[in-house]
file protein_13.pdb (PDB, C-alpha atoms)
ATOM      1  CA  MET A   1       0.000   0.000   0.000
ATOM      2  CA  LYS A   2       1.609   3.263  -1.135
ATOM      3  CA  ARG A   3       1.655   6.474   0.874
ATOM      4  CA  PHE A   4      -0.564   8.600  -1.316
ATOM      5  CA  TRP A   5      -3.005  10.120   1.151
ATOM      6  CA  GLU A   6      -2.939  13.519   2.828
ATOM      7  CA  VAL A   7      -5.761  13.335   5.376
ATOM      8  CA  ALA A   8      -6.825  10.444   7.613
ATOM      9  CA  THR A   9     -10.279  10.778   9.183
ATOM     10  CA  ILE A  10     -12.809   8.615  11.006
ATOM     11  CA  GLU A  11     -16.388   8.148   9.853
ATOM     12  CA  ALA A  12     -19.301   6.901  11.942
ATOM     13  CA  GLU A  13     -20.835   3.668  10.658
ATOM     14  CA  ALA A  14     -23.821   1.627  11.806
ATOM     15  CA  ASP A  15     -21.562  -0.736  13.757
ATOM     16  CA  GLY A  16     -18.701   1.567  14.762
ATOM     17  CA  TYR A  17     -16.160   3.755  13.006
ATOM     18  CA  SER A  18     -14.160   3.368   9.809
ATOM     19  CA  ILE A  19     -10.871   5.048   8.905
ATOM     20  CA  HIS A  20     -10.718   6.986   5.636
ATOM     21  CA  LEU A  21      -7.605   8.097   3.787
ATOM     22  CA  ASP A  22      -8.562  11.047   1.598
ATOM     23  CA  GLY A  23     -12.123   9.736   1.694
ATOM     24  CA  ARG A  24     -11.317   6.103   0.918
ATOM     25  CA  PRO A  25     -11.933   3.536   3.678
ATOM     26  CA  ILE A  26      -9.066   1.351   4.837
ATOM     27  CA  ARG A  27      -9.651  -2.250   3.861
ATOM     28  CA  LEU A  28      -8.108  -5.254   5.540
ATOM     29  CA  PRO A  29      -6.201  -7.939   3.603
ATOM     30  CA  GLY A  30      -9.408 -10.000   3.451
ATOM     31  CA  GLY A  31     -11.174  -7.147   1.655
ATOM     32  CA  ASN A  32     -13.469  -5.970   4.465
ATOM     33  CA  VAL A  33     -13.522  -2.364   5.601
ATOM     34  CA  LEU A  34     -11.716  -1.897   8.916
ATOM     35  CA  THR A  35     -14.486  -1.091  11.389
ATOM     36  CA  LEU A  36     -13.818  -0.217  15.013
ATOM     37  CA  ARG A  37     -16.258   0.038  17.885
ATOM     38  CA  PRO A  38     -14.279   2.158  20.409
ATOM     39  CA  GLU A  39     -14.081   5.733  19.134
ATOM     40  CA  ARG A  40     -10.809   6.398  20.967
ATOM     41  CA  LEU A  41      -9.188   3.453  19.220
ATOM     42  CA  ALA A  42     -10.473   4.642  15.855
ATOM     43  CA  ARG A  43      -9.023   8.104  16.449
ATOM     44  CA  ALA A  44      -5.665   6.653  17.477
ATOM     45  CA  ILE A  45      -5.541   4.530  14.327
ATOM     46  CA  ALA A  46      -6.479   7.508  12.158
ATOM     47  CA  ASP A  47      -3.618   9.418  13.784
ATOM     48  CA  GLU A  48      -1.307   6.464  13.133
ATOM     49  CA  TRP A  49      -2.094   6.661   9.420
ATOM     50  CA  GLN A  50      -1.951  10.460   9.409
ATOM     51  CA  GLN A  51       1.577  10.352  10.810
ATOM     52  CA  ALA A  52       2.573   7.658   8.332
ATOM     53  CA  GLY A  53       1.154   9.757   5.507
ATOM     54  CA  LEU A  54       3.519  12.591   6.357
ATOM     55  CA  ALA A  55       6.390  10.485   5.042
ATOM     56  CA  LYS A  56       6.986  10.958   1.338
ATOM     57  CA  GLY A  57       7.637   8.209  -1.204
ATOM     58  CA  GLY A  58       8.257   4.525  -0.631
ATOM     59  CA  GLU A  59       5.724   1.919   0.317
ATOM     60  CA  MET A  60       4.176   0.743   3.542
ATOM     61  CA  SER A  61       2.106  -2.115   4.832
ATOM     62  CA  PHE A  62       0.021  -2.921   7.896
ATOM     63  CA  GLU A  63       3.288  -3.888   9.625
ATOM     64  CA  ASN A  64       4.138  -0.166   9.671
ATOM     65  CA  THR A  65       0.887   0.618  11.477
ATOM     66  CA  PRO A  66       0.867  -1.664  14.543
ATOM     67  CA  LEU A  67      -2.452  -0.520  16.022
ATOM     68  CA  THR A  68      -4.092  -1.221  12.673
ATOM     69  CA  ARG A  69      -2.431  -4.628  12.536
ATOM     70  CA  LEU A  70      -3.889  -5.572  15.915
ATOM     71  CA  ALA A  71      -7.312  -4.184  15.021
ATOM     72  CA  GLY A  72      -7.267  -6.207  11.807
ATOM     73  CA  THR A  73      -6.338  -9.338  13.740
ATOM     74  CA  ALA A  74      -9.261  -8.720  16.098
ATOM     75  CA  GLN A  75     -11.751  -8.162  13.274
ATOM     76  CA  GLU A  76     -10.707 -10.793  10.734
ATOM     77  CA  ARG A  77      -9.080 -13.580  12.732
ATOM     78  CA  ILE A  78     -10.494 -13.479  16.260
ATOM     79  CA  ALA A  79     -14.048 -12.119  16.130
ATOM     80  CA  PRO A  80     -15.403 -14.762  13.696
ATOM     81  CA  ASN A  81     -14.204 -17.621  15.944
ATOM     82  CA  PRO A  82     -12.580 -16.558  19.239
ATOM     83  CA  ASP A  83     -12.359 -20.053  20.768
ATOM     84  CA  PRO A  84      -8.854 -20.990  19.504
ATOM     85  CA  THR A  85      -7.462 -17.676  20.744
ATOM     86  CA  ILE A  86      -9.203 -18.039  24.109
ATOM     87  CA  ASP A  87      -7.812 -21.555  24.531
ATOM     88  CA  ALA A  88      -4.271 -20.533  23.603
ATOM     89  CA  ILE A  89      -4.254 -17.583  26.002
ATOM     90  CA  ALA A  90      -5.973 -19.372  28.904
ATOM     91  CA  ARG A  91      -3.479 -22.241  28.708
ATOM     92  CA  TYR A  92      -0.793 -19.957  30.134
ATOM     93  CA  GLY A  93      -2.634 -20.074  33.460
ATOM     94  CA  GLU A  94      -1.583 -23.702  33.836
ATOM     95  CA  SER A  95       2.122 -22.776  33.960
ATOM     96  CA  ASP A  96       2.166 -19.081  34.835
ATOM     97  CA  LEU A  97       5.628 -17.559  35.236
ATOM     98  CA  LEU A  98       4.715 -16.114  38.625
ATOM     99  CA  CYS A  99       4.173 -19.580  40.080
ATOM    100  CA  TYR A 100       7.709 -20.832  39.399
ATOM    101  CA  ARG A 101      10.266 -19.513  41.859
ATOM    102  CA  ALA A 102      14.005 -19.937  42.177
ATOM    103  CA  GLU A 103      15.525 -22.031  44.941
ATOM    104  CA  SER A 104      18.601 -19.783  45.094
ATOM    105  CA  PRO A 105      20.270 -17.337  45.392
ATOM    106  CA  GLN A 106      18.316 -15.895  48.289
ATOM    107  CA  ALA A 107      18.352 -12.398  46.823
ATOM    108  CA  LEU A 108      16.469 -13.654  43.753
ATOM    109  CA  VAL A 109      14.107 -15.747  45.891
ATOM    110  CA  ASP A 110      13.271 -12.653  47.920
ATOM    111  CA  ARG A 111      12.842 -10.446  44.866
ATOM    112  CA  GLN A 112      10.482 -12.894  43.167
ATOM    113  CA  ALA A 113       8.383 -13.173  46.294
ATOM    114  CA  ALA A 114       8.220  -9.413  46.784
ATOM    115  CA  SER A 115       7.531  -8.617  43.118
ATOM    116  CA  TRP A 116       5.393 -11.539  41.950
ATOM    117  CA  GLN A 117       3.345 -12.586  44.956
ATOM    118  CA  PRO A 118       1.270  -9.359  45.042
ATOM    119  CA  TRP A 119      -0.061 -10.184  41.572
ATOM    120  CA  LEU A 120      -0.962 -13.733  42.543
ATOM    121  CA  ASP A 121      -2.724 -12.201  45.546
ATOM    122  CA  TRP A 122      -4.488  -9.830  43.150
ATOM    123  CA  ILE A 123      -5.822 -12.568  40.867
ATOM    124  CA  ALA A 124      -7.003 -14.537  43.910
ATOM    125  CA  ARG A 125      -8.657 -11.527  45.545
ATOM    126  CA  ALA A 126     -10.112  -9.813  42.475
ATOM    127  CA  HIS A 127     -11.133 -12.892  40.499
ATOM    128  CA  GLY A 128     -11.238 -15.834  42.882
ATOM    129  CA  ALA A 129      -8.473 -17.736  41.080
ATOM    130  CA  PRO A 130      -5.714 -18.613  43.573
ATOM    131  CA  LEU A 131      -2.664 -20.237  42.016
ATOM    132  CA  ARG A 132      -0.146 -22.554  43.633
ATOM    133  CA  VAL A 133       3.555 -21.709  43.813
ATOM    134  CA  THR A 134       6.563 -24.010  43.598
ATOM    135  CA  ALA A 135      10.338 -23.674  43.756
ATOM    136  CA  GLY A 136      12.619 -25.238  41.189
ATOM    137  CA  VAL A 137      11.850 -26.574  37.726
ATOM    138  CA  GLY A 138       9.230 -29.200  38.618
ATOM    139  CA  TYR A 139       5.727 -28.726  37.222
ATOM    140  CA  ILE A 140       2.963 -27.865  39.672
ATOM    141  CA  LYS A 141      -0.623 -28.699  38.769
ATOM    142  CA  GLN A 142      -3.094 -25.911  39.446
ATOM    143  CA  HIS A 143      -6.527 -26.535  40.909
ATOM    144  CA  HIS A 144      -9.079 -27.043  38.148
ATOM    145  CA  ASP A 145     -11.427 -24.461  39.685
ATOM    146  CA  SER A 146      -8.809 -21.743  39.316
ATOM    147  CA  ILE A 147      -7.983 -22.781  35.752
ATOM    148  CA  ASP A 148     -11.683 -22.826  34.851
ATOM    149  CA  THR A 149     -12.103 -19.375  36.378
ATOM    150  CA  LEU A 150      -9.170 -17.969  34.447
ATOM    151  CA  LYS A 151     -10.539 -19.379  31.198
ATOM    152  CA  ARG A 152     -13.934 -17.778  31.897
ATOM    153  CA  ILE A 153     -12.217 -14.444  32.471
ATOM    154  CA  VAL A 154     -10.387 -14.729  29.158
ATOM    155  CA  ALA A 155     -13.532 -15.868  27.344
ATOM    156  CA  ALA A 156     -15.409 -12.812  28.631
ATOM    157  CA  GLN A 157     -13.033 -10.427  26.820
ATOM    158  CA  ASP A 158     -13.928  -8.914  23.470
ATOM    159  CA  ALA A 159     -11.912  -9.470  20.309
ATOM    160  CA  TYR A 160      -9.831  -6.320  20.862
ATOM    161  CA  VAL A 161      -8.640  -7.387  24.299
ATOM    162  CA  LEU A 162      -8.032 -10.916  23.062
ATOM    163  CA  ALA A 163      -5.816  -9.512  20.314
ATOM    164  CA  GLY A 164      -3.820  -7.583  22.898
ATOM    165  CA  LEU A 165      -3.615 -10.540  25.271
ATOM    166  CA  GLY A 166      -2.466 -12.706  22.377
ATOM    167  CA  ILE A 167       0.683 -10.580  22.259
ATOM    168  CA  ALA A 168       1.134  -9.652  25.913
ATOM    169  CA  VAL A 169       0.617 -13.032  27.579
ATOM    170  CA  PRO A 170       3.220 -14.998  25.564
ATOM    171  CA  ALA A 171       5.656 -12.070  25.825
ATOM    172  CA  LEU A 172       5.266 -11.990  29.604
ATOM    173  CA  GLY A 173       4.941 -15.732  30.115
ATOM    174  CA  SER A 174       2.124 -14.909  32.481
ATOM    175  CA  LEU A 175      -1.644 -14.878  32.116
ATOM    176  CA  VAL A 176      -1.928 -13.106  35.473
ATOM    177  CA  LEU A 177       0.263 -10.195  34.362
ATOM    178  CA  GLY A 178      -1.532 -10.061  31.008
ATOM    179  CA  LEU A 179      -4.943  -9.790  32.668
ATOM    180  CA  ALA A 180      -3.667  -7.138  35.078
ATOM    181  CA  LEU A 181      -2.368  -5.170  32.085
ATOM    182  CA  ALA A 182      -5.645  -5.605  30.194
ATOM    183  CA  GLN A 183      -7.683  -4.365  33.168
ATOM    184  CA  GLY A 184      -5.502  -1.333  33.814
ATOM    185  CA  ALA A 185      -4.232  -2.649  37.155
ATOM    186  CA  LEU A 186      -0.667  -2.768  35.807
ATOM    187  CA  ASP A 187       1.218  -0.537  33.369
ATOM    188  CA  ALA A 188       3.214  -1.919  30.463
ATOM    189  CA  ASP A 189       6.669  -0.902  31.733
ATOM    190  CA  THR A 190       6.126  -2.522  35.111
ATOM    191  CA  ALA A 191       4.670  -5.626  33.457
ATOM    192  CA  ALA A 192       7.742  -5.909  31.214
ATOM    193  CA  ASP A 193      10.049  -5.593  34.234
ATOM    194  CA  LEU A 194       8.124  -8.293  36.094
ATOM    195  CA  GLY A 195       8.184 -10.620  33.104
ATOM    196  CA  ALA A 196      11.950 -10.175  32.729
ATOM    197  CA  LEU A 197      12.706 -10.184  36.464
ATOM    198  CA  ASP A 198      15.019 -13.214  36.389
ATOM    199  CA  GLU A 199      16.929 -11.931  33.381
ATOM    200  CA  LEU A 200      17.302  -8.446  34.850
ATOM    201  CA  PHE A 201      18.618  -9.995  38.055
ATOM    202  CA  GLN A 202      21.304 -11.792  36.058
ATOM    203  CA  VAL A 203      22.196  -8.544  34.292
ATOM    204  CA  GLU A 204      22.842  -6.954  37.678
ATOM    205  CA  LEU A 205      25.210  -9.793  38.561
ATOM    206  CA  TRP A 206      27.056 -10.381  35.303
ATOM    207  CA  GLY A 207      26.481  -7.328  33.133
ATOM    208  CA  GLU A 208      24.496  -6.744  29.956
ATOM    209  CA  ASP A 209      24.638  -8.802  26.773
ATOM    210  CA  GLU A 210      23.997  -6.640  23.717
ATOM    211  CA  GLU A 211      21.968  -9.215  21.825
ATOM    212  CA  ALA A 212      19.867 -10.015  24.893
ATOM    213  CA  GLN A 213      19.295  -6.318  25.457
ATOM    214  CA  ARG A 214      17.984  -5.904  21.897
ATOM    215  CA  ARG A 215      15.714  -8.904  22.280
ATOM    216  CA  ARG A 216      14.391  -7.643  25.595
ATOM    217  CA  GLY A 217      13.770  -4.230  24.052
ATOM    218  CA  ALA A 218      11.729  -5.803  21.252
ATOM    219  CA  VAL A 219       9.657  -7.761  23.769
ATOM    220  CA  ARG A 220       9.124  -4.610  25.825
ATOM    221  CA  ALA A 221       7.906  -2.777  22.722
ATOM    222  CA  GLU A 222       5.384  -5.540  21.977
ATOM    223  CA  ILE A 223       4.087  -5.418  25.559
ATOM    224  CA  ALA A 224       3.774  -1.632  25.321
ATOM    225  CA  LEU A 225       1.852  -1.944  22.047
ATOM    226  CA  ALA A 226      -0.503  -4.536  23.510
ATOM    227  CA  GLY A 227      -1.046  -2.441  26.621
ATOM    228  CA  ARG A 228      -1.807   0.686  24.619
ATOM    229  CA  PHE A 229      -4.155  -1.173  22.271
ATOM    230  CA  MET A 230      -6.113  -2.693  25.145
ATOM    231  CA  ALA A 231      -6.264   0.637  26.982
ATOM    232  CA  LEU A 232      -7.644   2.353  23.875
ATOM    233  CA  SER A 233     -10.180  -0.464  23.556
ATOM    234  CA  ARG A 234     -11.555  -0.020  27.069
ATOM    235  CA  GLU A 235     -14.669   2.126  27.036
ATOM    236  CA  GLY A 236     -13.807   5.137  29.142
ATOM    237  CA  GLY A 237     -10.442   3.567  29.962
ATOM    238  CA  GLY A 238      -7.012   5.176  30.151
TER     239      GLY A 238
END

call {"tool": "encode", "arguments": {"input": "protein_13.pdb", "output": "structure tokens"}}
result
Amino acid sequence: MKRFWEVATIEAEADGYSIHLDGRPIRLPGGNVLTLRPERLARAIADEWQQAGLAKGGEMSFENTPLTRLAGTAQERIAPNPDPTIDAIARYGESDLLCYRAESPQALVDRQAASWQPWLDWIARAHGAPLRVTAGVGYIKQHHDSIDTLKRIVAAQDAYVLAGLGIAVPALGSLVLGLALAQGALDADTAADLGALDELFQVELWGEDEEAQRRRGAVRAEIALAGRFMALSREGGG
């Protein structure tokens, strides 16, 4: 898709808002017009394309407009049949990062407990889904009631939030952190730090590896994108 437009606007439709580039609606790869329910998300996507349109020459694709990419995923891939996405996301509750603690050194044990346990307490208190914790690499089976509850929580989300969770949860290795991010209980930077807690601890001990730093930065950017997308999708949210 070439950069030929000058003005990106939103237009009210019967089922939400569409984005127009010089009066022409944006269409998804499947051919359907991109239609968004939350007005704030539609305005953010219009701004995304407006900023992209300021660049002269060259070509661009939906990869250059990440909010649009996620919105397209929600509309074309998730909304018609959300069950596979729900199952894939909910499965992370069975082996959530926060439930697997180090046995040593004590400084890391203490940091994991201080940083991770409050979010396990949050999911238990706010949603009635307590999760068991173990030390070492052995698998711990979670109670089926908690797993069922977590799946119901995921299934209750709309396609926009599911699209965001589909990025955030694998990046964090934690369904609990992903849900906290989706509900505005946790910001993206803090979530990224919690998800990379073990790695950041090792950096403090042994120094930074340039390749690992780049990889961690890319993961952080994906978490930030998912957090922003889900926040824009929340009616009246931040």

call {"tool": "resolve_selection", "arguments": {"input": "protein_13.pdb", "expression": "the PyMOL selection byres ((chain A and resi 211-225) around 6)", "output": "PyMOL selection string"}}
result
chain A and resi 168+188+192+209-210+226-228

call {"tool": "resolve_selection", "arguments": {"input": "protein_13.pdb", "expression": "the PyMOL selection byres ((chain A and resi 95) around 9)", "output": "PyMOL selection string"}}
result
chain A and resi 91-94+96-100+139-142+173-175

call {"tool": "resolve_selection", "arguments": {"input": "protein_13.pdb", "expression": "the PyMOL selection byres ((chain A and resi 39) around 9)", "output": "NGL selection string"}}
result
:A and (10 or 12 or 16-17 or 36-38 or 40-44 or 232-233 or 235)

call {"tool": "atom_distance", "arguments": {"input": "protein_13.pdb", "atom1": "CA of Val203 in chain A", "atom2": "CA of Gly184 in chain A"}}
result
28.6 Å

call {"tool": "residues_around", "arguments": {"input": "protein_13.pdb", "residues": "Ser18 in chain A", "least_positions_apart": "2", "cutoff": "6 Å", "atoms": "all atoms listed in the file", "output": "PDB file with C-alpha atoms, in the frame of the given file"}}
result
ATOM      1  CA  ILE A  10     -12.809   8.615  11.006  1.00  0.00           C
ATOM      2  CA  GLU A  11     -16.388   8.148   9.853  1.00  0.00           C
ATOM      3  CA  LEU A  34     -11.716  -1.897   8.916  1.00  0.00           C
ATOM      4  CA  THR A  35     -14.486  -1.091  11.389  1.00  0.00           C
TER       5      THR A  35
END

call {"tool": "closest_residue", "arguments": {"input": "protein_13.pdb", "among": "A:Ile89, A:Arg111, A:Thr9, A:Gln75", "to": "Asn32 in chain A", "atoms": "all atoms listed in the file"}}
result
A:Gln75

call {"tool": "closest_atom_pairs", "arguments": {"input": "protein_13.pdb", "of": "range 93-129 of chain A", "to": "range 149-166 of chain A", "cutoff": "8 Å", "atoms": "all atoms listed in the file", "output": "tab-separated table"}}
result
residue	atom	partner	partner_atom	distance
A:Gly93	CA	A:Leu150	CA	6.9
A:His127	CA	A:Thr149	CA	7.7
A:Gly128	CA	A:Thr149	CA	7.5
A:Ala129	CA	A:Thr149	CA	6.2

call {"tool": "closest_residue", "arguments": {"input": "protein_13.pdb", "among": "A:Ala185, A:Thr68, A:Gln51, A:Phe201", "to": "Gln106 in chain A", "atoms": "all atoms listed in the file"}}
result
A:Phe201

call {"tool": "closest_residue", "arguments": {"input": "protein_13.pdb", "among": "A:Gly136, A:Gly195, A:Gly207, A:Pro66", "to": "Phe229 in chain A", "atoms": "only C-alpha atoms"}}
result
A:Pro66

call {"tool": "atom_distance", "arguments": {"input": "protein_13.pdb", "atom1": "CA of Thr73 in chain A", "atom2": "CA of Leu181 in chain A"}}
result
19.2 Å

call {"tool": "residues_near_point", "arguments": {"input": "protein_13.pdb", "point": "(-11.8, 10.2, 0.2)", "cutoff": "9 Å", "atoms": "only C-alpha atoms", "output": "PyMOL selection string"}}
result
chain A and resi 5+7-8+20-25

call {"tool": "write_last_selection", "arguments": {"input": "protein_13.pdb", "atoms": "C-alpha atoms", "output": "PDB file, in the frame of the given file"}}
result
ATOM      1  CA  TRP A   5      -3.005  10.120   1.151  1.00  0.00           C
ATOM      2  CA  VAL A   7      -5.761  13.335   5.376  1.00  0.00           C
ATOM      3  CA  ALA A   8      -6.825  10.444   7.613  1.00  0.00           C
ATOM      4  CA  HIS A  20     -10.718   6.986   5.636  1.00  0.00           C
ATOM      5  CA  LEU A  21      -7.605   8.097   3.787  1.00  0.00           C
ATOM      6  CA  ASP A  22      -8.562  11.047   1.598  1.00  0.00           C
ATOM      7  CA  GLY A  23     -12.123   9.736   1.694  1.00  0.00           C
ATOM      8  CA  ARG A  24     -11.317   6.103   0.918  1.00  0.00           C
ATOM      9  CA  PRO A  25     -11.933   3.536   3.678  1.00  0.00           C
TER      10      PRO A  25
END

call {"tool": "residues_around", "arguments": {"input": "protein_13.pdb", "residues": "Leu194 in chain A", "least_positions_apart": "6", "cutoff": "9 Å", "atoms": "all atoms listed in the file", "output": "PyMOL selection string"}}
result
chain A and resi 98+112+115-116+172+177

call {"tool": "atom_distance", "arguments": {"input": "protein_13.pdb", "atom1": "CA of Gln202 in chain A", "atom2": "CA of Arg132 in chain A"}}
result
25.2 Å
